[in-house]
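**Q** Sharing model30.txt below, compact mmCIF, C-alpha atoms and all ligand atoms:
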# COMPACT_ATOMS: atom_id res chain seq x y z
CA MET A 1 -5.18 -17.49 25.07
CA ARG A 2 -6.90 -18.41 21.80
CA GLU A 3 -5.11 -20.40 19.14
CA ILE A 4 -3.45 -18.31 16.44
CA GLU A 5 -4.83 -18.75 12.93
CA ASN A 6 -5.16 -15.26 11.50
CA ILE A 7 -2.24 -12.85 11.56
CA VAL A 8 -2.08 -9.16 10.61
CA ILE A 9 1.36 -7.53 10.38
CA LEU A 10 1.84 -3.77 10.15
CA THR A 11 5.23 -2.57 8.91
CA GLY A 12 6.75 0.90 8.82
CA ALA A 13 9.91 2.65 7.69
CA GLY A 14 11.95 0.86 10.38
CA ILE A 15 11.79 -2.46 8.55
CA SER A 16 13.53 -0.90 5.54
CA ALA A 17 16.12 1.06 7.54
CA GLU A 18 18.71 -1.74 7.45
CA SER A 19 18.31 -1.86 3.65
CA GLY A 20 19.55 1.73 3.58
CA LEU A 21 16.27 3.65 3.18
CA ALA A 22 15.98 6.53 5.63
CA THR A 23 13.11 6.45 8.13
CA PHE A 24 10.74 9.39 8.35
CA ARG A 25 11.68 10.89 11.65
CA GLY A 26 15.43 10.83 12.05
CA PRO A 27 17.06 12.50 15.06
CA ASP A 28 16.77 15.84 13.22
CA GLY A 29 13.05 15.34 12.49
CA LEU A 30 13.69 15.53 8.75
CA TRP A 31 13.23 12.99 5.97
CA GLU A 32 16.51 13.22 4.04
CA GLY A 33 16.84 16.92 4.75
CA HIS A 34 13.24 17.94 3.97
CA ARG A 35 10.45 18.95 6.32
CA VAL A 36 7.53 16.54 5.92
CA GLU A 37 5.05 19.42 5.39
CA ASP A 38 7.11 20.67 2.45
CA ILE A 39 6.92 17.38 0.60
CA CYS A 40 4.10 15.05 1.58
CA THR A 41 0.96 17.16 1.24
CA PRO A 42 -1.37 17.99 -1.68
CA GLN A 43 -0.69 21.68 -0.91
CA ALA A 44 3.06 21.17 -1.37
CA LEU A 45 2.48 19.44 -4.70
CA ALA A 46 0.29 22.35 -5.88
CA ARG A 47 2.71 25.02 -4.60
CA ASP A 48 6.01 23.47 -5.64
CA PRO A 49 5.48 20.58 -8.06
CA VAL A 50 9.13 20.58 -9.11
CA LEU A 51 10.33 20.01 -5.53
CA VAL A 52 7.78 17.31 -4.80
CA GLN A 53 8.12 15.45 -8.12
CA THR A 54 11.94 15.65 -7.96
CA PHE A 55 11.91 14.32 -4.43
CA TYR A 56 9.74 11.30 -5.28
CA ASP A 57 11.58 10.70 -8.57
CA ALA A 58 14.79 10.42 -6.53
CA ARG A 59 13.15 8.08 -4.01
CA ARG A 60 11.85 5.87 -6.87
CA ALA A 61 15.30 5.79 -8.49
CA ALA A 62 16.91 4.93 -5.12
CA LEU A 63 14.94 1.67 -5.00
CA ALA A 64 17.30 0.27 -7.63
CA THR A 65 20.21 0.72 -5.21
CA VAL A 66 18.76 -1.20 -2.24
CA GLU A 67 17.84 -4.80 -1.48
CA PRO A 68 15.35 -6.47 0.86
CA ASN A 69 16.92 -7.37 4.23
CA ALA A 70 16.56 -10.34 6.57
CA ALA A 71 13.32 -8.95 8.03
CA HIS A 72 11.59 -8.66 4.62
CA ARG A 73 12.80 -12.16 3.73
CA ALA A 74 11.53 -13.62 7.01
CA LEU A 75 8.06 -12.14 6.46
CA ALA A 76 8.01 -13.52 2.90
CA LYS A 77 8.83 -16.96 4.30
CA LEU A 78 6.03 -16.61 6.86
CA ASP A 79 3.64 -15.57 4.08
CA ALA A 80 4.61 -18.65 2.03
CA GLU A 81 4.36 -21.12 4.91
CA TRP A 82 1.63 -19.85 7.23
CA PRO A 83 -1.49 -22.04 6.73
CA GLY A 84 -3.97 -19.54 8.21
CA GLU A 85 -4.98 -16.08 7.02
CA LEU A 86 -2.17 -13.56 6.87
CA LEU A 87 -2.03 -9.94 5.74
CA ILE A 88 1.04 -7.70 5.68
CA VAL A 89 -0.12 -4.07 5.75
CA THR A 90 2.79 -1.81 4.96
CA GLN A 91 2.99 1.95 5.37
CA ASN A 92 6.11 1.83 3.25
CA VAL A 93 6.13 3.10 -0.29
CA ASP A 94 9.19 1.04 -1.25
CA ASP A 95 8.84 -2.35 -2.96
CA LEU A 96 11.06 -4.41 -0.64
CA HIS A 97 8.32 -6.72 0.72
CA GLU A 98 7.29 -7.84 -2.75
CA ARG A 99 10.88 -8.12 -3.93
CA ALA A 100 11.53 -10.45 -0.98
CA GLY A 101 8.63 -12.57 -2.25
CA ALA A 102 5.68 -11.58 -0.04
CA SER A 103 2.32 -11.68 -1.81
CA ARG A 104 -0.39 -11.43 0.87
CA MET A 105 0.29 -7.73 1.36
CA LEU A 106 -0.97 -4.24 0.59
CA HIS A 107 0.46 -0.71 0.50
CA MET A 108 -1.87 1.46 2.57
CA HIS A 109 0.12 4.65 1.81
CA GLY A 110 0.64 3.99 -1.90
CA GLU A 111 3.76 3.01 -3.80
CA LEU A 112 6.70 4.79 -5.39
CA LYS A 113 6.41 2.47 -8.39
CA SER A 114 2.91 3.67 -9.21
CA ALA A 115 1.61 6.89 -10.75
CA LEU A 116 -1.81 8.40 -10.05
CA CYS A 117 -3.55 10.46 -12.73
CA ARG A 118 -5.22 13.66 -11.47
CA ARG A 119 -7.31 13.77 -14.67
CA CYS A 120 -8.83 10.28 -14.79
CA GLY A 121 -7.97 8.81 -11.36
CA GLY A 122 -6.17 5.87 -13.00
CA ARG A 123 -3.25 4.19 -11.23
CA SER A 124 -0.44 2.89 -13.47
CA ALA A 125 2.69 0.88 -12.71
CA TRP A 126 5.55 3.37 -13.02
CA GLU A 127 9.35 3.00 -13.14
CA ALA A 128 10.47 6.24 -14.80
CA THR A 129 10.38 9.89 -13.68
CA LEU A 130 7.26 12.09 -13.36
CA ILE A 131 8.92 15.54 -13.35
CA ASP A 132 8.82 15.65 -17.16
CA GLY A 133 5.00 15.46 -17.27
CA PRO A 134 4.60 12.12 -19.06
CA THR A 135 1.42 10.85 -20.72
CA CYS A 136 -1.11 8.88 -18.65
CA PRO A 137 -1.37 5.29 -19.98
CA GLU A 138 -5.07 5.27 -19.04
CA CYS A 139 -6.45 8.52 -20.53
CA ALA A 140 -3.53 9.72 -22.70
CA SER A 141 -3.52 13.22 -21.13
CA SER A 142 -0.15 14.79 -20.31
CA GLY A 143 1.06 16.48 -17.12
CA GLY A 144 -1.58 15.02 -14.80
CA LEU A 145 0.46 12.22 -13.26
CA ARG A 146 1.56 12.52 -9.62
CA PRO A 147 3.23 10.02 -7.28
CA ASP A 148 0.68 7.42 -6.15
CA ILE A 149 1.48 8.24 -2.54
CA VAL A 150 -1.09 8.92 0.16
CA PHE A 151 -0.15 12.40 1.34
CA PHE A 152 -0.95 13.77 4.78
CA GLY A 153 -4.64 14.63 4.84
CA GLU A 154 -5.53 12.01 2.22
CA MET A 155 -7.37 8.73 2.85
CA PRO A 156 -5.17 5.60 3.01
CA TYR A 157 -5.92 2.76 0.59
CA GLN A 158 -7.97 -0.36 1.37
CA MET A 159 -9.12 0.67 4.84
CA GLU A 160 -12.18 -1.61 4.71
CA ARG A 161 -10.08 -4.67 3.92
CA ILE A 162 -7.67 -3.73 6.72
CA GLU A 163 -10.49 -3.22 9.25
CA THR A 164 -11.96 -6.64 8.42
CA ALA A 165 -8.56 -8.32 8.77
CA LEU A 166 -8.01 -6.60 12.13
CA GLU A 167 -11.41 -7.76 13.39
CA ASP A 168 -10.58 -11.37 12.43
CA ALA A 169 -6.97 -11.31 13.67
CA ASP A 170 -5.78 -13.58 16.47
CA LEU A 171 -2.36 -11.94 16.41
CA PHE A 172 -1.38 -8.40 15.43
CA VAL A 173 2.31 -7.59 15.03
CA SER A 174 3.69 -4.08 14.48
CA ILE A 175 7.22 -3.81 13.08
CA GLY A 176 9.41 -0.72 12.75
CA THR A 177 6.76 1.95 12.99
CA SER A 178 6.74 4.97 15.28
CA GLY A 179 3.02 4.88 16.03
CA ALA A 180 2.77 8.57 15.16
CA VAL A 181 0.77 8.38 11.91
CA TYR A 182 -2.97 7.64 12.11
CA PRO A 183 -4.99 5.60 11.23
CA ALA A 184 -2.19 2.98 11.26
CA ALA A 185 -1.23 3.95 14.83
CA GLY A 186 -4.73 2.91 15.96
CA PHE A 187 -4.65 -0.61 14.46
CA VAL A 188 -3.27 -2.12 17.66
CA GLN A 189 -6.29 -0.89 19.62
CA THR A 190 -8.76 -2.17 17.02
CA ALA A 191 -7.10 -5.61 16.91
CA ARG A 192 -7.02 -5.80 20.70
CA HIS A 193 -10.62 -4.71 20.99
CA TYR A 194 -11.60 -7.70 18.84
CA GLY A 195 -9.51 -10.10 20.92
CA ALA A 196 -6.13 -10.31 19.19
CA ARG A 197 -2.85 -10.80 21.00
CA THR A 198 -0.55 -7.86 20.13
CA LEU A 199 3.22 -7.74 19.70
CA GLU A 200 5.51 -4.86 18.83
CA LEU A 201 9.00 -5.25 17.31
CA ASN A 202 10.85 -1.93 17.15
CA LEU A 203 14.20 -0.28 17.71
CA ASP A 204 12.68 2.12 20.26
CA PRO A 205 9.40 1.81 22.15
CA SER A 206 6.82 3.59 19.96
CA ALA A 207 4.33 6.25 21.03
CA GLY A 208 1.69 3.53 21.49
CA SER A 209 3.89 0.88 23.11
CA HIS A 210 1.65 0.60 26.16
CA PHE A 211 -1.20 -0.68 23.94
CA PHE A 212 0.74 -3.89 23.16
CA HIS A 213 0.72 -7.09 25.22
CA GLU A 214 4.42 -7.48 24.44
CA THR A 215 7.22 -5.26 23.06
CA ARG A 216 10.60 -6.53 21.87
CA ILE A 217 13.31 -3.93 21.34
CA GLY A 218 16.04 -4.33 18.72
CA PRO A 219 16.77 -4.11 14.99
CA ALA A 220 14.16 -5.65 12.67
CA GLY A 221 16.86 -7.64 10.87
CA GLU A 222 17.37 -9.66 14.06
CA LEU A 223 13.98 -9.57 15.79
CA VAL A 224 11.80 -10.46 12.79
CA PRO A 225 13.64 -13.64 11.67
CA ALA A 226 13.71 -14.82 15.31
CA TRP A 227 9.98 -14.21 15.75
CA VAL A 228 9.13 -15.91 12.42
CA ALA A 229 11.19 -18.98 13.38
CA GLU A 230 9.34 -19.05 16.71
CA ILE A 231 5.83 -18.83 15.25
CA LEU A 232 6.52 -21.38 12.49
CA SER A 233 7.94 -23.93 14.95
P1 LIG A 301 8.78 6.54 11.18
O1 LIG A 301 10.02 7.03 10.50
O2 LIG A 301 7.88 7.49 11.81
O3 LIG A 301 9.25 5.51 12.31
C1 LIG A 301 10.23 4.55 12.08
C2 LIG A 301 10.31 3.62 13.28
O4 LIG A 301 11.23 2.59 12.95
C3 LIG A 301 10.80 4.28 14.57
O5 LIG A 301 9.94 3.88 15.62
C4 LIG A 301 12.20 3.68 14.77
O6 LIG A 301 12.50 3.44 16.12
C5 LIG A 301 12.08 2.35 14.04
N1 LIG A 301 13.33 1.82 13.51
C6 LIG A 301 14.38 2.50 12.97
N2 LIG A 301 15.32 1.63 12.58
C7 LIG A 301 14.87 0.38 12.87
C8 LIG A 301 15.39 -0.93 12.71
N3 LIG A 301 16.59 -1.15 12.17
N4 LIG A 301 14.64 -1.98 13.12
C9 LIG A 301 13.42 -1.79 13.68
N5 LIG A 301 12.87 -0.57 13.86
C10 LIG A 301 13.59 0.50 13.46
O7 LIG A 301 8.06 5.64 10.13
P2 LIG A 301 6.55 5.12 9.98
O8 LIG A 301 6.00 4.78 11.32
O9 LIG A 301 6.59 4.10 8.92
O10 LIG A 301 5.68 6.36 9.47
C11 LIG A 301 6.04 7.27 8.59
C12 LIG A 301 5.50 7.37 7.19
O11 LIG A 301 6.69 7.47 6.43
C13 LIG A 301 4.74 6.30 6.53
O12 LIG A 301 3.55 6.83 6.12
C14 LIG A 301 5.56 5.89 5.28
O13 LIG A 301 4.75 5.93 4.12
C15 LIG A 301 6.61 6.93 5.15
N6 LIG A 301 7.99 6.45 4.82
C16 LIG A 301 8.21 5.36 4.05
C17 LIG A 301 9.51 4.90 3.80
C18 LIG A 301 9.72 3.68 2.95
O14 LIG A 301 8.87 3.36 2.15
N7 LIG A 301 10.84 2.96 3.12
C19 LIG A 301 10.60 5.59 4.35
C20 LIG A 301 10.33 6.73 5.13
C21 LIG A 301 9.03 7.14 5.36
ZN ZN A 302 -5.28 9.58 -16.83
Show me the file's structure as C-alpha cells.
**A**
Amino acid sequence: MREIENIVILTGAGISAESGLATFRGPDGLWEGHRVEDICTPQALARDPVLVQTFYDARRAALATVEPNAAHRALAKLDAEWPGELLIVTQNVDDLHERAGASRMLHMHGELKSALCRRCGGRSAWEATLIDGPTCPECASSGGLRPDIVFFGEMPYQMERIETALEDADLFVSIGTSGAVYPAAGFVQTARHYGARTLELNLDPSAGSHFFHETRIGPAGELVPAWVAEILS
C-alpha cells in the first residue's frame, strides 16, 4: 500500500443529517415533502418560479437554525492539521463545512448562500430571499437572480479541479452520500483507477459500496471523528 499524502473527501447530505437538515431521499423518497423533479430542475424553475424560489428561500433561512456537528468539526480539524494535499468536495448546498472551519473545500452543486444571475452569469454572496426579484449586484438588472444551485441536468462546478485531485489522491473517502447522483457517484472509480485507497463512511451501504476497499457503517457524527483521530495519529 502506498503512503498517504493526498486525500480527497466527498461529502453528501448524510453528513448534515445530524445537524437537522433533511437528506434528499428519505424513506418516502421526498425532500421535505417535495418531489425532486418538481424543485431541482431548470424546467421547474421556468414553470413554477414561486414554488422553486420559495423552497430555496426556506432552505437558506433554515441554515440560521442549524449548527455544524461533530463530523463537520472533525473534517475541519483534519483540514487544519493534515500536512499533505487535501480537498473536501461537498455535494451539500449548506454552509456547515465552512462554519466548522474547513477551508480546503468546494461546493460542486452550488450553495444556498449564493445567487446566480441569469442575465449576466454573475455569482453573488446572498443571505436574503430571492422570491421578491432583487437587483443583481453585478449588472444591476432585476428579477434575474436564481439560487446558485446545480440543478439536475446542469454541469457541476469545478469538475476539472476535482478530476485532477482524484488522479493525485492516495486516499478517497466518501461520507454520507447515497451514490445515486452522477458524476459524484463515479469519483470512487476514478480515484481507484489512479491507485487511491477508497473508504466509505455511511449510515447504509450506498449504491456503489462494492467499489470501495472498505465500508464502515454508522452515523457520521461517530464514524468521522474516529476516522480523523486514526489518520492523524
Ligand atoms: P442522499 O440524500 O441521496 O443520500 C444521503 C445518504 O446519507 C444516504 O446514503 C444515507 O444512508 C446517508 N445518511 C443519512 N443519515 C446519515 C448519518 N447520520 N450519517 C451518515 N450517513 C447518513 O444525498 P446525496 O448523496 O448528498 O445526494 C443528493 C443531492 O442532494 C446532492 O446533490 C445535494 O446537493 C442535495 N442535498 C443537499 C443537502 C444539504 O446541503 N444539506 C440536503 C439534501 C440534499
Ligand atoms: Zn447580473
**Q** So that all listed atoms of ligand LIG 301 (chain A) fit with 5 Å spare on each side, what axis-aligned box centre and edge lengths in Å, to one decimal, would you give as JSON?
**A**
{"center_x": 10.1, "center_y": 2.8, "center_z": 9.1, "size_x": 23.0, "size_y": 19.5, "size_z": 24.0}
**Q** Residues at most 7 Å from Arg118 of chain A, counting only C-alpha atoms, excluding those fewer than 3 positions away in the same chain, as a ChimeraX atom specification?
**A** /A:121,144-145
**Q** As a quick test: using only C-alpha atoms and all ligand atoms, which residues lie no more than 9 Å away from ligand ZN 302 (chain A)? Give them as JSON, numbers by chain.
**A** {"A": [116, 117, 118, 119, 120, 121, 122, 123, 124, 135, 136, 137, 138, 139, 140, 141, 142, 144, 145]}
**Q** Can you tell me, as JSON, numbers by chain, what residues are no more than 6 Å from segment 184-200 of chain A when counting all atoms listed in the file, ignoring any on the same chain fewer than 5 positions away?
**A** {"A": [166, 167, 169, 170, 171, 172, 173, 174, 179, 212, 213, 214, 215]}
**Q** What residues have any atom no more than 6 Å from ligand LIG 301 (chain A) when counting all atoms listed in the file, and can you list them as a list in words?
**A**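 I would give the residues around ligand LIG 301 (chain A) as Gly12, Ala13, Gly14, Ile15, Ser16, Ala17, Glu18, Leu21, Ala22, Thr23, Phe24, Arg25, Gln91, Asn92, Val93, Asp94, His109, Gly176, Thr177, Ser178, Gly179, Val181, Asn202, Leu203, Asp204, Ser206, Pro219 and Ala220 of chain A.
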**Q** Between A:Lys77, A:Arg146, A:Arg99, A:His107, which residue has the minimum interatomic distance to Phe55 of chain A, considering only C-alpha atoms?
**A**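 That would be A:Arg146, the residue with the smallest distance to Phe55 of chain A.
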**Q** Atom CA of Glu3 of chain A to atom CA of Ala80 of chain A: how many Å, to one decimal?
**A**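 Spanning atom CA of Glu3 of chain A to atom CA of Ala80 of chain A is a straight-line distance of 19.8 Å.
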**Q** When you draw a straight line from atom CA of Leu112 of chain A to atom CA of Pro225 of chain A, how long is it in Å?
**A**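 Calculated distance between atom CA of Leu112 of chain A and atom CA of Pro225 of chain A is 26.1 Å.
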**Q** For Gln43 of chain A, which residue among A:Glu98, A:Glu127, A:Glu154, A:Glu67 is the nearest when counting only C-alpha atoms?
**A**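 With only C-alpha atoms as the atom set, the closest residue is A:Glu154.
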**Q** Go ahead and compute the interatomic distance for atom CA of Thr41 of chain A and atom CA of Asp148 of chain A, in Å to one decimal.
**A**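 Separating atom CA of Thr41 of chain A from atom CA of Asp148 of chain A is a distance of 12.2 Å.
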**Q** From the set A:Ala128, A:Ile39, A:Pro49, A:His72, which residue has the shortest atom-to-atom contact distance to Thr11 of chain A, counting all atoms listed in the file?
**A**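 The answer is A:His72, which sits nearest to Thr11 of chain A.
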**Q** So, with all atoms listed in the file as the atoms that count, which of A:Val50, A:Met108, A:Ala100, A:Leu130 lies closest to Ile162 of chain A?
**A**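 Looking at the shortest contact to Ile162 of chain A, the residue is A:Met108.
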**Q** Name the closest residue to Asp79 of chain A among the candidates A:His210, A:Arg60, A:Arg216, A:Arg104; distances are taken between atoms, counting all atoms listed in the file.
**A**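 Smallest distance to Asp79 of chain A is found for A:Arg104.
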**Q** For Arg161 of chain A, find every residue with an atom within 12 Å (counting all atoms listed in the file), except residues of its own chain fewer than 2 positions away, and show them as a PyMOL selection string.
**A** chain A and resi 8+87-89+105-108+156-159+163-168
**Q** Limited to C-alpha atoms, could you put the picked residues into a file as a short mmCIF file (atom, residue, chain, number, x, y, z; two decimals), in the frame of the given file?
**A**
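New file result.cif:
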data_model
loop_
_atom_site.label_atom_id
_atom_site.label_comp_id
_atom_site.auth_asym_id
_atom_site.auth_seq_id
_atom_site.Cartn_x
_atom_site.Cartn_y
_atom_site.Cartn_z
CA VAL A 8 -2.08 -9.16 10.61
CA LEU A 87 -2.03 -9.94 5.74
CA ILE A 88 1.04 -7.70 5.68
CA VAL A 89 -0.12 -4.07 5.75
CA MET A 105 0.29 -7.73 1.36
CA LEU A 106 -0.97 -4.24 0.59
CA HIS A 107 0.46 -0.71 0.50
CA MET A 108 -1.87 1.46 2.57
CA PRO A 156 -5.17 5.60 3.01
CA TYR A 157 -5.92 2.76 0.59
CA GLN A 158 -7.97 -0.36 1.37
CA MET A 159 -9.12 0.67 4.84
CA GLU A 163 -10.49 -3.22 9.25
CA THR A 164 -11.96 -6.64 8.42
CA ALA A 165 -8.56 -8.32 8.77
CA LEU A 166 -8.01 -6.60 12.13
CA GLU A 167 -11.41 -7.76 13.39
CA ASP A 168 -10.58 -11.37 12.43
#
**Q** From the set A:Val52, A:Leu223, A:Ala71, A:Leu86, which residue has the shortest atom-to-atom contact distance to Glu37 of chain A, counting only C-alpha atoms?
**A**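 The answer is A:Val52, which sits nearest to Glu37 of chain A.
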**Q** For Gly84 of chain A, list every protein, DNA or RNA residue within 9 Å, evaluated using only C-alpha atoms, and leave out those in the same chain fewer than 2 positions away; present the list as a list in words.
**A**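 Skipping anything fewer than 2 positions along the chain leaves Ile4, Glu5, Asn6, Ile7, Trp82 and Leu86 of chain A.
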**Q** May I have the selected residues written with C-alpha atoms, as a CSV table (one decimal), in the coordinates of the input?
**A**
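The resulting out_6.csv:
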chain,number,residue,atom,x,y,z
A,4,ILE,CA,-3.4,-18.3,16.4
A,5,GLU,CA,-4.8,-18.8,12.9
A,6,ASN,CA,-5.2,-15.3,11.5
A,7,ILE,CA,-2.2,-12.8,11.6
A,82,TRP,CA,1.6,-19.8,7.2
A,86,LEU,CA,-2.2,-13.6,6.9
